[in-house]
Amino acid sequence: MAIEIKELSIHVKIIDEDKPIHSQNVIGKRDLESYMEYMIKECTQKVLEHLKEKEER
C-alpha cells in the first residue's frame with residue numbers, strides 16, 4: 001500500500017557565516033539523539049494517524 005504525502009514542512013535556520021563560530025549554538029550529541037528520537041516518534045505517529053484515517057473511510 002502506497003502512502004501519499006500531501007504536505008511536508010521543513011524549517012531551516014540560516015546562520016550568518018560572518019559571526020565567530022563560538023557564538024553559534026552547537027547541539028550536543030545527547031541533544032541531537034534526543035531530537036532525532038522525537039522526530040522519529042512524531043513521523044511514526046503522523047503516518048499511523050494517516051493510515052487509521054484511511055481505514056475509516
# chains A, B, ... in the order shown; residues from 1 in each chain; ligands from 1
call {"tool": "residues_around", "arguments": {"residues": "Ile3 of chain A", "least_positions_apart": "2", "cutoff": "10 Å", "atoms": "only C-alpha atoms", "output": "list in words"}}
result
Met1, Ile5, Lys6, Val47, His50, Leu51 and Lys54 of chain A
call {"tool": "atom_distance", "arguments": {"atom1": "atom CA of Leu8 of chain A", "atom2": "atom CA of Lys46 of chain A"}}
result
11.5 Å
call {"tool": "atom_distance", "arguments": {"atom1": "atom CA of Ile15 of chain A", "atom2": "atom CA of Gly28 of chain A"}}
result
17.4 Å
call {"tool": "atom_distance", "arguments": {"atom1": "atom CA of Tyr38 of chain A", "atom2": "atom CA of Arg57 of chain A"}}
result
29.1 Å
call {"tool": "select_by_dssp", "arguments": {"residues": "chain A", "states": "alpha helix (DSSP H)", "output": "MDAnalysis selection string"}}
result
chainID A and resid 29:56
